[in-house]
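Undergrad: So that you have it, the file is input.txt, and it contains compact mmCIF, C-alpha atoms and all ligand atoms:
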```txt
# COMPACT_ATOMS: atom_id res chain seq x y z
CA MET V 1194 0.00 0.00 0.00
CA ILE V 1195 3.05 2.30 0.20
CA GLY V 1196 2.35 5.40 -1.81
CA SER V 1197 -1.38 4.83 -2.08
CA VAL V 1198 -4.01 7.44 -1.43
CA GLY V 1199 -6.99 6.82 0.79
CA VAL V 1200 -10.05 8.75 1.82
CA ALA V 1201 -11.69 8.87 5.25
CA LEU V 1202 -15.46 8.37 5.13
CA CYS V 1203 -17.46 8.76 8.31
CA ARG V 1204 -20.25 11.02 9.43
CA ARG V 1205 -19.46 10.69 13.13
CA VAL V 1206 -15.75 10.11 13.82
CA PRO V 1207 -13.05 12.52 12.51
CA ILE V 1208 -11.19 9.62 10.89
CA ALA V 1209 -8.80 11.69 8.75
CA GLU V 1210 -7.67 13.72 11.75
CA LEU V 1211 -7.20 10.63 13.90
CA PHE V 1212 -5.51 8.30 11.42
CA ALA V 1213 -3.75 10.45 8.78
CA PRO V 1214 -0.47 10.79 10.75
CA ALA V 1215 -0.18 7.01 11.19
CA PHE V 1216 -0.82 6.39 7.48
CA ARG V 1217 1.79 9.05 6.67
CA ARG V 1218 4.34 7.22 8.84
CA ALA V 1219 3.45 4.03 6.94
CA GLY V 1220 4.19 5.80 3.64
CA SER V 1221 0.67 6.49 2.38
CA THR V 1222 -1.79 9.34 2.44
CA LEU V 1223 -5.17 9.48 4.09
CA LEU V 1224 -7.31 12.47 3.13
CA HIS V 1225 -10.52 14.04 4.26
CA PRO V 1226 -12.96 14.08 1.27
CA SER V 1227 -12.60 17.88 1.12
CA GLU V 1228 -8.85 17.45 0.50
CA VAL V 1229 -9.22 15.03 -2.43
CA SER V 1230 -8.35 16.78 -5.70
CA ASP V 1231 -8.25 13.66 -7.88
CA PRO V 1232 -10.93 11.11 -6.83
CA GLU V 1233 -9.66 8.65 -9.46
CA ALA V 1234 -6.36 8.37 -7.60
CA VAL V 1235 -8.03 7.18 -4.39
CA ARG V 1236 -7.34 3.47 -3.84
CA PHE V 1237 -8.73 2.82 -0.37
CA ALA V 1238 -11.42 4.14 1.92
CA LEU V 1239 -11.15 4.07 5.68
CA CYS V 1240 -14.64 4.21 7.08
CA PHE V 1241 -17.05 3.70 9.91
CA LEU V 1242 -20.47 5.20 9.25
CA PRO V 1243 -20.27 6.53 5.69
CA ASP V 1244 -23.00 8.76 4.28
CA ASP V 1245 -25.19 7.08 1.65
CA ASN V 1246 -23.38 8.71 -1.28
CA ALA V 1247 -19.92 8.75 0.33
CA PHE V 1248 -18.30 6.24 -2.06
CA ALA V 1249 -19.77 7.71 -5.24
CA PRO V 1250 -16.79 9.87 -6.35
CA TYR V 1251 -14.19 7.10 -5.99
CA GLU V 1252 -14.33 4.82 -9.01
CA ASN V 1253 -10.97 3.11 -8.58
CA LEU V 1254 -11.30 1.92 -5.01
CA MET V 1255 -9.51 -1.36 -4.32
CA LEU V 1256 -10.55 -1.64 -0.71
CA ALA V 1257 -12.92 -0.34 1.94
CA ALA V 1258 -11.66 -0.83 5.49
CA SER V 1259 -13.49 -0.38 8.77
CA ILE V 1260 -11.77 1.30 11.70
CA GLY V 1261 -13.40 -1.29 13.96
CA ALA V 1262 -14.53 -4.90 14.20
CA GLY V 1263 -17.96 -4.18 12.75
CA ALA V 1264 -18.58 -3.33 9.10
CA ASP V 1265 -22.40 -3.21 9.08
CA GLY V 1266 -22.59 0.52 8.30
CA ILE V 1267 -20.16 0.09 5.40
CA ILE V 1268 -21.63 -2.92 3.63
CA ARG V 1269 -25.08 -1.36 3.78
CA CYS V 1270 -23.92 1.86 2.17
CA PRO V 1271 -25.76 2.13 -1.18
CA SER V 1272 -22.91 3.89 -2.98
CA LEU V 1273 -20.36 1.13 -2.25
CA SER V 1274 -19.84 -1.03 -5.33
CA PRO V 1275 -20.42 -4.77 -4.71
CA GLN V 1276 -17.00 -5.44 -6.27
CA VAL V 1277 -15.01 -3.59 -3.61
CA PRO V 1278 -13.66 -5.92 -0.90
CA VAL V 1279 -14.47 -4.81 2.64
CA VAL V 1280 -12.22 -5.63 5.58
CA ARG V 1281 -12.67 -5.10 9.29
CA VAL V 1282 -10.15 -5.12 12.13
CA GLU V 1283 -9.36 -8.45 13.76
CA ASP V 1284 -7.06 -7.43 16.57
CA ALA V 1285 -6.03 -9.43 19.64
CA ASP V 1286 -5.64 -6.25 21.69
CA GLN V 1287 -9.19 -5.20 20.88
CA ALA V 1288 -10.47 -8.66 21.78
CA ASN V 1289 -8.67 -8.39 25.13
CA GLN V 1290 -10.24 -5.00 25.77
CA MET V 1291 -13.64 -6.50 25.07
CA ALA V 1292 -12.94 -9.51 27.30
CA GLY V 1293 -11.93 -7.21 30.16
CA PHE V 1294 -15.01 -5.06 29.69
CA ALA V 1295 -17.28 -8.10 29.54
CA LEU V 1296 -15.66 -9.57 32.66
CA PHE V 1297 -16.21 -6.36 34.60
CA HIS V 1298 -19.93 -6.61 33.88
CA ILE V 1299 -20.08 -10.38 34.35
CA LEU V 1300 -18.61 -9.92 37.82
CA TYR V 1301 -20.93 -6.99 38.49
CA TRP V 1302 -24.05 -9.10 37.92
CA HIS V 1303 -22.65 -12.35 39.28
CA ARG V 1304 -21.58 -10.72 42.56
CA ARG V 1305 -24.60 -8.37 42.56
CA PHE V 1306 -22.65 -5.15 42.82
CA ASP V 1307 -25.97 -3.39 42.30
CA ARG V 1308 -27.03 -4.62 45.73
CA LEU V 1309 -23.62 -3.92 47.28
CA LEU V 1310 -23.68 -0.33 46.00
CA GLU V 1311 -27.21 0.10 47.31
CA ALA V 1312 -26.09 -1.23 50.70
CA GLN V 1313 -23.16 1.18 50.70
CA GLN V 1314 -25.57 4.08 50.14
CA GLU V 1315 -27.37 2.97 53.29
CA ALA V 1316 -24.09 2.32 55.21
CA ARG V 1317 -25.27 -1.27 55.50
CA TRP V 1318 -22.74 -4.16 55.82
CA ALA V 1319 -24.36 -6.57 53.35
CA ARG V 1320 -21.94 -9.47 53.51
CA ALA V 1321 -23.56 -12.65 52.20
CA ARG V 1322 -22.13 -16.15 52.62
CA SER V 1323 -22.83 -17.81 49.32
CA GLY V 1324 -22.91 -17.39 45.57
CA ARG V 1325 -19.34 -16.28 45.03
CA SER V 1326 -17.90 -19.13 43.03
CA PRO V 1327 -17.94 -18.74 39.25
CA LYS V 1328 -18.27 -22.52 38.95
CA GLY V 1329 -22.03 -22.47 39.32
CA VAL V 1330 -22.55 -19.48 37.03
CA VAL V 1331 -23.31 -20.14 33.36
CA VAL V 1332 -22.11 -17.36 31.06
CA GLY V 1333 -23.68 -17.53 27.63
CA VAL V 1334 -21.65 -15.91 24.88
CA MET V 1335 -23.72 -15.08 21.80
CA GLY V 1336 -21.40 -15.03 18.81
CA LEU V 1337 -18.25 -17.12 18.72
CA GLY V 1338 -16.26 -14.91 16.38
CA PHE V 1339 -12.87 -13.30 16.83
CA ILE V 1340 -14.01 -11.37 19.91
CA GLY V 1341 -16.61 -13.81 21.25
CA ARG V 1342 -14.02 -16.57 21.37
CA ARG V 1343 -11.67 -14.46 23.50
CA VAL V 1344 -14.48 -13.55 25.89
CA ALA V 1345 -15.43 -17.22 26.22
CA GLU V 1346 -11.78 -18.21 26.81
CA VAL V 1347 -11.25 -15.65 29.57
CA CYS V 1348 -14.50 -16.66 31.30
CA ARG V 1349 -13.39 -20.30 31.19
CA GLN V 1350 -10.02 -19.39 32.65
CA LEU V 1351 -11.77 -17.77 35.62
CA GLY V 1352 -13.81 -20.90 36.18
CA TYR V 1353 -17.19 -19.85 34.81
CA ALA V 1354 -19.28 -22.43 33.04
CA VAL V 1355 -19.50 -21.22 29.44
CA VAL V 1356 -21.99 -21.94 26.71
CA THR V 1357 -21.58 -20.34 23.29
CA LEU V 1358 -23.96 -19.70 20.42
CA SER V 1359 -23.29 -19.09 16.74
CA ARG V 1360 -24.81 -19.91 13.38
CA SER V 1361 -22.50 -22.79 12.58
CA THR V 1362 -20.61 -25.44 14.52
CA PRO V 1363 -17.07 -24.10 15.10
CA GLN V 1364 -14.24 -25.77 13.23
CA THR V 1365 -12.07 -25.50 16.33
CA PRO V 1366 -14.14 -26.44 19.39
CA MET V 1367 -13.16 -24.85 22.70
CA ASP V 1368 -12.16 -27.09 25.59
CA GLY V 1369 -14.74 -27.21 28.34
CA VAL V 1370 -17.21 -25.02 26.47
CA ARG V 1371 -20.62 -26.21 25.37
CA HIS V 1372 -21.58 -24.90 21.95
CA MET V 1373 -25.06 -24.43 20.55
CA THR V 1374 -26.29 -23.26 17.18
CA LEU V 1375 -28.97 -20.76 16.31
CA ASP V 1376 -31.74 -23.38 16.01
CA ALA V 1377 -31.40 -23.86 19.80
CA LEU V 1378 -31.67 -20.14 20.62
CA TYR V 1379 -34.23 -20.50 23.41
CA GLY V 1380 -32.54 -23.61 24.80
CA PHE V 1381 -29.40 -21.47 25.00
CA ALA V 1382 -31.27 -18.67 26.79
CA ARG V 1383 -32.72 -21.15 29.32
CA GLN V 1384 -29.25 -22.26 30.44
CA CYS V 1385 -27.59 -18.92 31.03
CA ASP V 1386 -27.22 -16.95 34.25
CA ILE V 1387 -25.59 -14.12 32.32
CA VAL V 1388 -25.85 -13.55 28.56
CA VAL V 1389 -23.11 -11.61 26.77
CA GLY V 1390 -24.33 -10.36 23.37
CA LEU V 1391 -21.52 -10.25 20.81
CA LEU V 1392 -23.35 -10.70 17.55
CA PRO V 1393 -22.83 -8.64 14.42
CA ASP V 1394 -25.60 -6.42 13.10
CA THR V 1395 -27.37 -8.32 10.32
CA PRO V 1396 -30.99 -8.61 9.18
CA GLN V 1397 -31.12 -11.95 11.01
CA THR V 1398 -29.86 -10.63 14.36
CA LYS V 1399 -32.11 -7.55 14.32
CA GLY V 1400 -34.54 -7.70 17.23
CA MET V 1401 -33.26 -11.14 18.26
CA LEU V 1402 -33.19 -10.22 21.95
CA ASP V 1403 -36.92 -9.70 22.38
CA ALA V 1404 -39.69 -10.58 24.82
CA ASP V 1405 -39.56 -14.28 23.83
CA PHE V 1406 -35.83 -14.43 24.39
CA PHE V 1407 -36.05 -12.66 27.75
CA ALA V 1408 -38.94 -14.92 28.83
CA ALA V 1409 -36.76 -17.94 28.03
CA MET V 1410 -33.93 -16.60 30.24
CA LYS V 1411 -33.96 -17.85 33.84
CA PRO V 1412 -35.49 -15.52 36.43
CA GLY V 1413 -32.92 -13.24 38.09
CA THR V 1414 -30.43 -13.33 35.22
CA ALA V 1415 -28.69 -10.48 33.40
CA LEU V 1416 -27.92 -9.31 29.86
CA ILE V 1417 -24.64 -7.67 28.85
CA GLN V 1418 -25.08 -6.27 25.35
CA LEU V 1419 -21.86 -5.38 23.54
CA GLY V 1420 -22.55 -6.39 19.91
CA ARG V 1421 -24.93 -3.94 18.27
CA GLY V 1422 -27.97 -2.10 19.59
CA GLY V 1423 -30.48 -3.19 16.96
CA GLN V 1424 -30.39 -6.72 18.38
CA VAL V 1425 -32.20 -5.64 21.56
CA VAL V 1426 -35.89 -4.73 21.56
CA GLU V 1427 -35.39 -2.06 24.20
CA ALA V 1428 -39.06 -1.85 25.28
CA ASP V 1429 -39.12 -5.65 25.81
CA LEU V 1430 -35.97 -5.45 27.90
CA VAL V 1431 -37.40 -2.69 30.08
CA ALA V 1432 -40.60 -4.75 30.53
CA ALA V 1433 -38.58 -7.83 31.54
CA LEU V 1434 -36.65 -5.75 34.09
CA ASP V 1435 -39.70 -3.88 35.41
CA GLY V 1436 -41.60 -7.15 35.75
CA GLY V 1437 -38.73 -8.48 37.89
CA HIS V 1438 -37.94 -11.39 35.56
CA LEU V 1439 -34.43 -10.13 34.75
CA ALA V 1440 -32.08 -8.77 37.42
CA GLY V 1441 -30.30 -6.25 35.26
CA ALA V 1442 -28.62 -5.27 32.04
CA SER V 1443 -25.38 -3.63 30.96
CA LEU V 1444 -25.81 -1.92 27.61
CA ASP V 1445 -22.94 -0.51 25.59
CA VAL V 1446 -24.74 -0.33 22.22
CA PHE V 1447 -28.16 1.02 21.32
CA ALA V 1448 -30.68 1.10 18.51
CA ALA V 1449 -30.06 4.85 18.24
CA GLU V 1450 -26.60 6.23 18.99
CA PRO V 1451 -25.84 8.53 20.67
CA LEU V 1452 -28.56 7.32 23.04
CA PRO V 1453 -31.20 10.08 22.99
CA GLN V 1454 -31.33 12.15 26.17
CA ASP V 1455 -34.98 11.27 26.73
CA SER V 1456 -34.39 7.51 26.54
CA PRO V 1457 -35.75 5.74 29.65
CA LEU V 1458 -32.66 3.52 29.57
CA TRP V 1459 -30.47 6.32 31.00
CA HIS V 1460 -32.28 6.37 34.33
CA HIS V 1461 -33.41 2.78 34.74
CA ARG V 1462 -32.23 1.53 38.13
CA HIS V 1463 -31.38 -1.94 36.78
CA ILE V 1464 -29.49 -0.80 33.68
CA LEU V 1465 -25.87 0.27 33.32
CA VAL V 1466 -25.37 2.47 30.25
CA THR V 1467 -22.00 3.03 28.56
CA PRO V 1468 -21.50 4.97 25.30
CA HIS V 1469 -20.35 2.28 22.80
CA THR V 1470 -17.01 2.21 24.49
CA ALA V 1471 -16.34 -1.45 25.25
CA ALA V 1472 -13.35 -1.76 22.93
CA GLU V 1473 -11.63 0.05 20.12
CA ALA V 1474 -8.95 -0.93 17.64
CA THR V 1475 -5.61 0.80 18.06
CA THR V 1476 -4.34 3.08 15.30
CA ASP V 1477 -1.57 0.58 14.58
CA ALA V 1478 -4.10 -2.23 14.19
CA VAL V 1479 -6.13 -0.16 11.73
CA VAL V 1480 -3.08 0.69 9.62
CA ALA V 1481 -1.95 -2.95 9.73
CA THR V 1482 -5.42 -4.08 8.58
CA VAL V 1483 -5.16 -1.89 5.47
CA GLU V 1484 -1.52 -2.86 4.82
CA ASN V 1485 -2.25 -6.58 5.15
CA ALA V 1486 -5.32 -6.34 2.97
CA PHE V 1487 -3.41 -4.59 0.18
CA ALA V 1488 -0.62 -7.18 0.35
CA ALA V 1489 -3.09 -10.07 0.25
CA LEU V 1490 -5.11 -8.60 -2.62
CA MET V 1491 -1.93 -8.05 -4.66
CA GLN V 1492 -1.20 -11.76 -4.29
CA GLN V 1493 -4.81 -12.69 -4.96
CA GLN V 1494 -5.18 -14.05 -1.44
CA ARG V 1495 -7.99 -13.64 1.05
CA PRO V 1496 -7.28 -10.62 3.27
CA ARG V 1497 -7.47 -11.03 7.03
CA GLY V 1498 -10.78 -9.67 8.30
CA LEU V 1499 -12.50 -9.92 4.91
CA VAL V 1500 -16.23 -9.35 5.37
CA ASP V 1501 -18.59 -11.79 3.69
CA ARG V 1502 -21.06 -9.33 2.24
CA ASP V 1503 -23.69 -12.01 1.69
CA LYS V 1504 -23.58 -13.13 5.32
CA GLY V 1505 -23.36 -9.52 6.49
CA TYR V 1506 -20.31 -9.92 8.77
P1 LIG V 1601 -17.14 -12.05 14.01
O1 LIG V 1601 -17.66 -11.61 12.71
O2 LIG V 1601 -15.75 -12.60 14.11
O3 LIG V 1601 -18.11 -13.18 14.61
C1 LIG V 1601 -19.49 -13.11 14.57
C2 LIG V 1601 -20.08 -14.32 15.27
O4 LIG V 1601 -21.50 -14.16 15.35
C3 LIG V 1601 -19.81 -15.62 14.53
O5 LIG V 1601 -19.54 -16.65 15.46
C4 LIG V 1601 -21.16 -15.90 13.84
O6 LIG V 1601 -21.48 -17.25 13.62
C5 LIG V 1601 -22.12 -15.34 14.85
N1 LIG V 1601 -23.41 -15.03 14.25
C6 LIG V 1601 -23.68 -14.23 13.19
N2 LIG V 1601 -25.00 -14.19 12.95
C7 LIG V 1601 -25.57 -14.98 13.87
C8 LIG V 1601 -26.91 -15.36 14.16
N3 LIG V 1601 -27.93 -14.91 13.44
N4 LIG V 1601 -27.14 -16.22 15.18
C9 LIG V 1601 -26.12 -16.70 15.91
N5 LIG V 1601 -24.82 -16.39 15.71
C10 LIG V 1601 -24.56 -15.54 14.70
O7 LIG V 1601 -17.34 -10.84 15.04
P2 LIG V 1601 -16.44 -10.40 16.29
O8 LIG V 1601 -16.41 -11.49 17.29
O9 LIG V 1601 -15.14 -9.86 15.85
O10 LIG V 1601 -17.28 -9.14 16.82
C11 LIG V 1601 -18.64 -9.30 17.19
C12 LIG V 1601 -19.34 -7.94 17.15
O11 LIG V 1601 -18.95 -7.15 18.26
C13 LIG V 1601 -19.00 -7.06 15.95
O12 LIG V 1601 -19.80 -7.40 14.83
C14 LIG V 1601 -19.34 -5.68 16.45
O13 LIG V 1601 -20.66 -5.36 16.07
C15 LIG V 1601 -19.27 -5.80 17.98
N6 LIG V 1601 -18.24 -4.93 18.54
C16 LIG V 1601 -18.63 -4.00 19.48
C17 LIG V 1601 -17.69 -3.17 20.06
C18 LIG V 1601 -18.07 -2.23 21.15
O14 LIG V 1601 -17.29 -1.34 21.50
N7 LIG V 1601 -19.25 -2.36 21.74
C19 LIG V 1601 -16.27 -3.21 19.67
C20 LIG V 1601 -15.98 -4.27 18.71
C21 LIG V 1601 -16.93 -5.08 18.18
P3 LIG V 1601 -20.61 -18.21 12.67
O15 LIG V 1601 -19.33 -18.46 13.45
O16 LIG V 1601 -21.43 -19.42 12.56
O17 LIG V 1601 -20.38 -17.46 11.40
```
Could you spell out this file's structure in structure tokens?
Ligand code: NDP
TA:
Amino acid sequence: MIGSVGVALCRRVPIAELFAPAFRRAGSTLLHPSEVSDPEAVRFALCFLPDDNAFAPYENLMLAASIGAGADGIIRCPSLSPQVPVVRVEDADQANQMAGFALFHILYWHRRFDRLLEAQQEARWARARSGRSPKGVVVGVMGLGFIGRRVAEVCRQLGYAVVTLSRSTPQTPMDGVRHMTLDALYGFARQCDIVVGLLPDTPQTKGMLDADFFAAMKPGTALIQLGRGGQVVEADLVAALDGGHLAGASLDVFAAEPLPQDSPLWHHRHILVTPHTAAEATTDAVVATVENAFAALMQQQRPRGLVDRDKGY
């Protein structure tokens, strides 16, 4: 990719500002669309949430790369030609960030920090004698992809019982982890004490975490949603919490982002809200993703992190 010119396409993140220096150090140029004088010379696009017509001026694109692990906003962009390969970041550091973030919330709901914090407010010494061992706690990881696998691994290492869910049976099974496929969605929900949502945003996953799913979850369990917001039917979640069926939820992603100020989720006493901040790819990982993809495409090989546009992830 040395010497190539790229364009930054995103309506929310100032990608050119953030990443141009790193691309310069790697010997290429990343421009804001307003700086592009010759659109035909642009070979790659670095994107997150591109506007509908963002790709239109660039007819010689060889690659569209996401600055993150998700590429849903890119592959749905109507101006992106179906011929352009799309890659996303697959980065061990990002997976570790996600595993740490997930563990924080797993521990929060497993050890009922909500109750401990309430007790602290009342200066009440709420020491309980049981329920501390992870052995009896089933963590359900929805999505056994690059990140889901790391989350499952780390939970296993801490002694949690882990059950995973994906569309297909994994080629490399994980030791000590029970795997289920999508046809057993409600059977999966029935087993879990804590569900960690790590699915990509696709037409199939939209609204998947709905009233039926929550009803299938055991009473007193919790949801940690880190994949994409559209998977959760927010009104159904609130109803499951208000009805006392679920103990709580940690939500990092939302149907509408930024979460609107008048959303009831902000102030719900059983919900922890974070602003889509669970994990992010480092600048180096983003540059490496583009570099590796260029090298692979030159040799007619499959780039790392290539998105299957038919599957949607
Ligand atoms: P991958 O693409 O590597 O893996 C996706 C997994 O989801 C695969 O195991 C796939 O199954 C499974 N899957 C897809 N559709 C379904 C379905 N309908 N039912 C059941 N399983 C399904 O993704 P990653 O692990 O790298 O990342 C997961 C998601 O996390 C990203 O798409 C992104 O949206 C989100 N993310 C959020 C961040 C945050 O800050 N909150 C940061 C980074 C990522 P199969 O193996 O059978 O193909």
Undergrad: Tell me, counting only C-alpha atoms and all ligand atoms, for each residue of chain V within 6 Å of ligand LIG 1601 (chain V), which pair of atoms is nearest and how far apart they are in Å to one decimal, in rows ordered by chain and increasing number, as a Markdown table.
TA:
```
| residue | atom | partner | partner_atom | distance |
| --- | --- | --- | --- | --- |
| V:Ala1262 | CA | V:LIG1601 | C21 | 4.7 |
| V:Gly1263 | CA | V:LIG1601 | C14 | 4.2 |
| V:Gly1336 | CA | V:LIG1601 | O4 | 3.6 |
| V:Leu1337 | CA | V:LIG1601 | O5 | 3.5 |
| V:Gly1338 | CA | V:LIG1601 | O3 | 3.1 |
| V:Phe1339 | CA | V:LIG1601 | O8 | 4.0 |
| V:Ile1340 | CA | V:LIG1601 | O8 | 3.6 |
| V:Gly1341 | CA | V:LIG1601 | O8 | 4.6 |
| V:Leu1358 | CA | V:LIG1601 | N5 | 5.8 |
| V:Ser1359 | CA | V:LIG1601 | N5 | 3.3 |
| V:Arg1360 | CA | V:LIG1601 | O16 | 3.5 |
| V:Ser1361 | CA | V:LIG1601 | O16 | 3.5 |
| V:Leu1375 | CA | V:LIG1601 | C9 | 5.0 |
| V:Leu1391 | CA | V:LIG1601 | C11 | 4.7 |
| V:Leu1392 | CA | V:LIG1601 | O4 | 4.5 |
| V:Pro1393 | CA | V:LIG1601 | O12 | 3.3 |
| V:Asp1394 | CA | V:LIG1601 | O13 | 5.9 |
| V:Gln1397 | CA | V:LIG1601 | N3 | 5.0 |
| V:Thr1398 | CA | V:LIG1601 | N3 | 4.8 |
| V:Leu1419 | CA | V:LIG1601 | N7 | 4.4 |
| V:Gly1420 | CA | V:LIG1601 | C15 | 3.9 |
| V:Arg1421 | CA | V:LIG1601 | O13 | 5.0 |
| V:Asp1445 | CA | V:LIG1601 | N7 | 5.6 |
| V:Val1446 | CA | V:LIG1601 | N7 | 5.9 |
| V:His1469 | CA | V:LIG1601 | N7 | 4.9 |
| V:Thr1470 | CA | V:LIG1601 | O14 | 4.6 |
| V:Ala1471 | CA | V:LIG1601 | O14 | 3.9 |
| V:Ala1472 | CA | V:LIG1601 | O14 | 4.2 |
| V:Glu1473 | CA | V:LIG1601 | C19 | 5.7 |
| V:Tyr1506 | CA | V:LIG1601 | O1 | 5.0 |
```
Undergrad: Got time to write the residues from that selection, C-alpha atoms, as a compact mmCIF listing (two decimals), in the frame of the given file?
TA:
```txt
# COMPACT_ATOMS: atom_id res chain seq x y z
CA ALA V 1262 -14.53 -4.90 14.20
CA GLY V 1263 -17.96 -4.18 12.75
CA GLY V 1336 -21.40 -15.03 18.81
CA LEU V 1337 -18.25 -17.12 18.72
CA GLY V 1338 -16.26 -14.91 16.38
CA PHE V 1339 -12.87 -13.30 16.83
CA ILE V 1340 -14.01 -11.37 19.91
CA GLY V 1341 -16.61 -13.81 21.25
CA LEU V 1358 -23.96 -19.70 20.42
CA SER V 1359 -23.29 -19.09 16.74
CA ARG V 1360 -24.81 -19.91 13.38
CA SER V 1361 -22.50 -22.79 12.58
CA LEU V 1375 -28.97 -20.76 16.31
CA LEU V 1391 -21.52 -10.25 20.81
CA LEU V 1392 -23.35 -10.70 17.55
CA PRO V 1393 -22.83 -8.64 14.42
CA ASP V 1394 -25.60 -6.42 13.10
CA GLN V 1397 -31.12 -11.95 11.01
CA THR V 1398 -29.86 -10.63 14.36
CA LEU V 1419 -21.86 -5.38 23.54
CA GLY V 1420 -22.55 -6.39 19.91
CA ARG V 1421 -24.93 -3.94 18.27
CA ASP V 1445 -22.94 -0.51 25.59
CA VAL V 1446 -24.74 -0.33 22.22
CA HIS V 1469 -20.35 2.28 22.80
CA THR V 1470 -17.01 2.21 24.49
CA ALA V 1471 -16.34 -1.45 25.25
CA ALA V 1472 -13.35 -1.76 22.93
CA GLU V 1473 -11.63 0.05 20.12
CA TYR V 1506 -20.31 -9.92 8.77
```
Undergrad: For atom CA of V:Gly1324 and atom CA of V:Ala1415, determine how far apart the two atoms are, in Å to one decimal place.
TA: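 Straight-line distance from atom CA of V:Gly1324 to atom CA of V:Ala1415 works out to 15.1 Å.
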Undergrad: Might you pull out every residue within 9 Å of V:Met1367, with only C-alpha atoms counted and same-chain residues fewer than 3 positions away left off, and present them as a PyMOL selection string?
TA: chain V and resi 1342+1345-1346+1363+1370-1372
Undergrad: Could you check the closest approach to V:Ala1409 for each of V:Ala1249, V:Cys1385, V:Val1330, V:Ala1432 and tell me which residue wins, using all atoms listed in the file?
TA: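 The shortest atom-to-atom distance to V:Ala1409 comes from V:Cys1385.
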Undergrad: Restricting the calculation to only C-alpha atoms, which member of V:Leu1309, V:Gly1220, V:Ala1213, V:Ala1321 is positioned closest to V:Ile1195?
TA: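 Nearest to V:Ile1195: V:Gly1220.
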Undergrad: Please determine, counting only C-alpha atoms, which residue among V:Pro1275, V:Ala1486, V:Ser1323, V:Thr1476 has the shortest atom-to-atom distance to V:Pro1214.
TA: V:Thr1476
Undergrad: Counting all atoms listed in the file, which residues come within 10 Å of (-26.1, -1.1, 30.1), with the point read in the file's coordinates, and could you list them as a list in words?
TA: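 Checked against the point, the hits come out as His1298, Leu1416, Ile1417, Gln1418, Leu1419, Gly1441, Ala1442, Ser1443, Leu1444, Asp1445, Val1446, Phe1447, Leu1458, Trp1459, His1461, His1463, Ile1464, Leu1465, Val1466, Thr1467, Pro1468 and His1469 of chain V.
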Undergrad: Just the residues within 10 Å of V:Ala1474, please, counting all atoms listed in the file, with nothing from its chain fewer than 4 positions along; format it as a list in words.
TA: Ser1259, Ile1260, Gly1261, Ala1262, Val1282, Glu1283, Asp1284, Ala1285, Asp1286, Gln1287, Ala1288, Gln1290, Ala1478 and Val1479 of chain V
Undergrad: Go through V:Leu1242, V:Val1480, V:Val1331, V:Val1279 and flag the residue nearest V:Met1255, using all atoms listed in the file for the distances.
TA: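 Among the listed residues, V:Val1279 lies closest to V:Met1255.
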Undergrad: I'd like the neighbourhood of V:Pro1243 as a ChimeraX atom specification, where a residue qualifies if any of its atoms comes within 9 Å (using only C-alpha atoms), though same-chain residues fewer than 3 positions away should be ignored.
TA: /V:1201-1205,1240,1246-1248,1266-1267,1270
Undergrad: Go ahead and write the residues just picked, C-alpha atoms, as a PDB file, in the coordinates of the input.
TA:
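Writing done, so here's result_24.pdb:
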```
ATOM      1  CA  ALA V1201     -11.690   8.870   5.250  1.00  0.00           C
ATOM      2  CA  LEU V1202     -15.460   8.370   5.130  1.00  0.00           C
ATOM      3  CA  CYS V1203     -17.460   8.760   8.310  1.00  0.00           C
ATOM      4  CA  ARG V1204     -20.250  11.020   9.430  1.00  0.00           C
ATOM      5  CA  ARG V1205     -19.460  10.690  13.130  1.00  0.00           C
ATOM      6  CA  CYS V1240     -14.640   4.210   7.080  1.00  0.00           C
ATOM      7  CA  ASN V1246     -23.380   8.710  -1.280  1.00  0.00           C
ATOM      8  CA  ALA V1247     -19.920   8.750   0.330  1.00  0.00           C
ATOM      9  CA  PHE V1248     -18.300   6.240  -2.060  1.00  0.00           C
ATOM     10  CA  GLY V1266     -22.590   0.520   8.300  1.00  0.00           C
ATOM     11  CA  ILE V1267     -20.160   0.090   5.400  1.00  0.00           C
ATOM     12  CA  CYS V1270     -23.920   1.860   2.170  1.00  0.00           C
TER      13      CYS V1270
END
```
Undergrad: Give me, please, the distance in Å between atom CA of V:Phe1297 and atom CA of V:Leu1211, quoted to one decimal.
TA: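 According to the coordinates, atom CA of V:Phe1297 and atom CA of V:Leu1211 are separated by 28.3 Å.
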Undergrad: Extending 4 Å beyond the listed atoms of stretch 1488-1505 of chain V on each side, what axis-aligned box results? I want centre and edge lengths in Å to one decimal, as lines of an AutoDock Vina configuration file.
TA:
```
center_x = -12.2
center_y = -10.6
center_z = 1.7
size_x = 31.1
size_y = 14.9
size_z = 21.3
```
Undergrad: Which value, in Å to one decimal, gives the distance between atom CA of V:Lys1411 and atom CA of V:Leu1378?
TA: 13.6 Å
Undergrad: I need the residue nearest V:Arg1343 from this list: V:Ile1208, V:Phe1294, V:Gln1384, V:Leu1300. Use all atoms listed in the file for the distance.
TA: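 That would be V:Phe1294, the residue with the smallest distance to V:Arg1343.
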Undergrad: With distances taken over only C-alpha atoms, which of V:Thr1475, V:Gln1494, V:Ser1197, V:Thr1374 is nearest to V:Leu1224?
TA: V:Ser1197
Undergrad: Extract, using all atoms listed in the file, all DNA, RNA and protein residues at most 8 Å from V:His1303, discarding same-chain residues fewer than 5 positions from it, and format them as a ChimeraX atom specification.
TA: /V:1325,1327,1330,1387
Undergrad: Might you pull out every residue within 8 Å of V:Leu1499, with all atoms listed in the file counted and same-chain residues fewer than 4 positions away left off, and present them as a PyMOL selection string?
TA: chain V and resi 1278-1281+1495
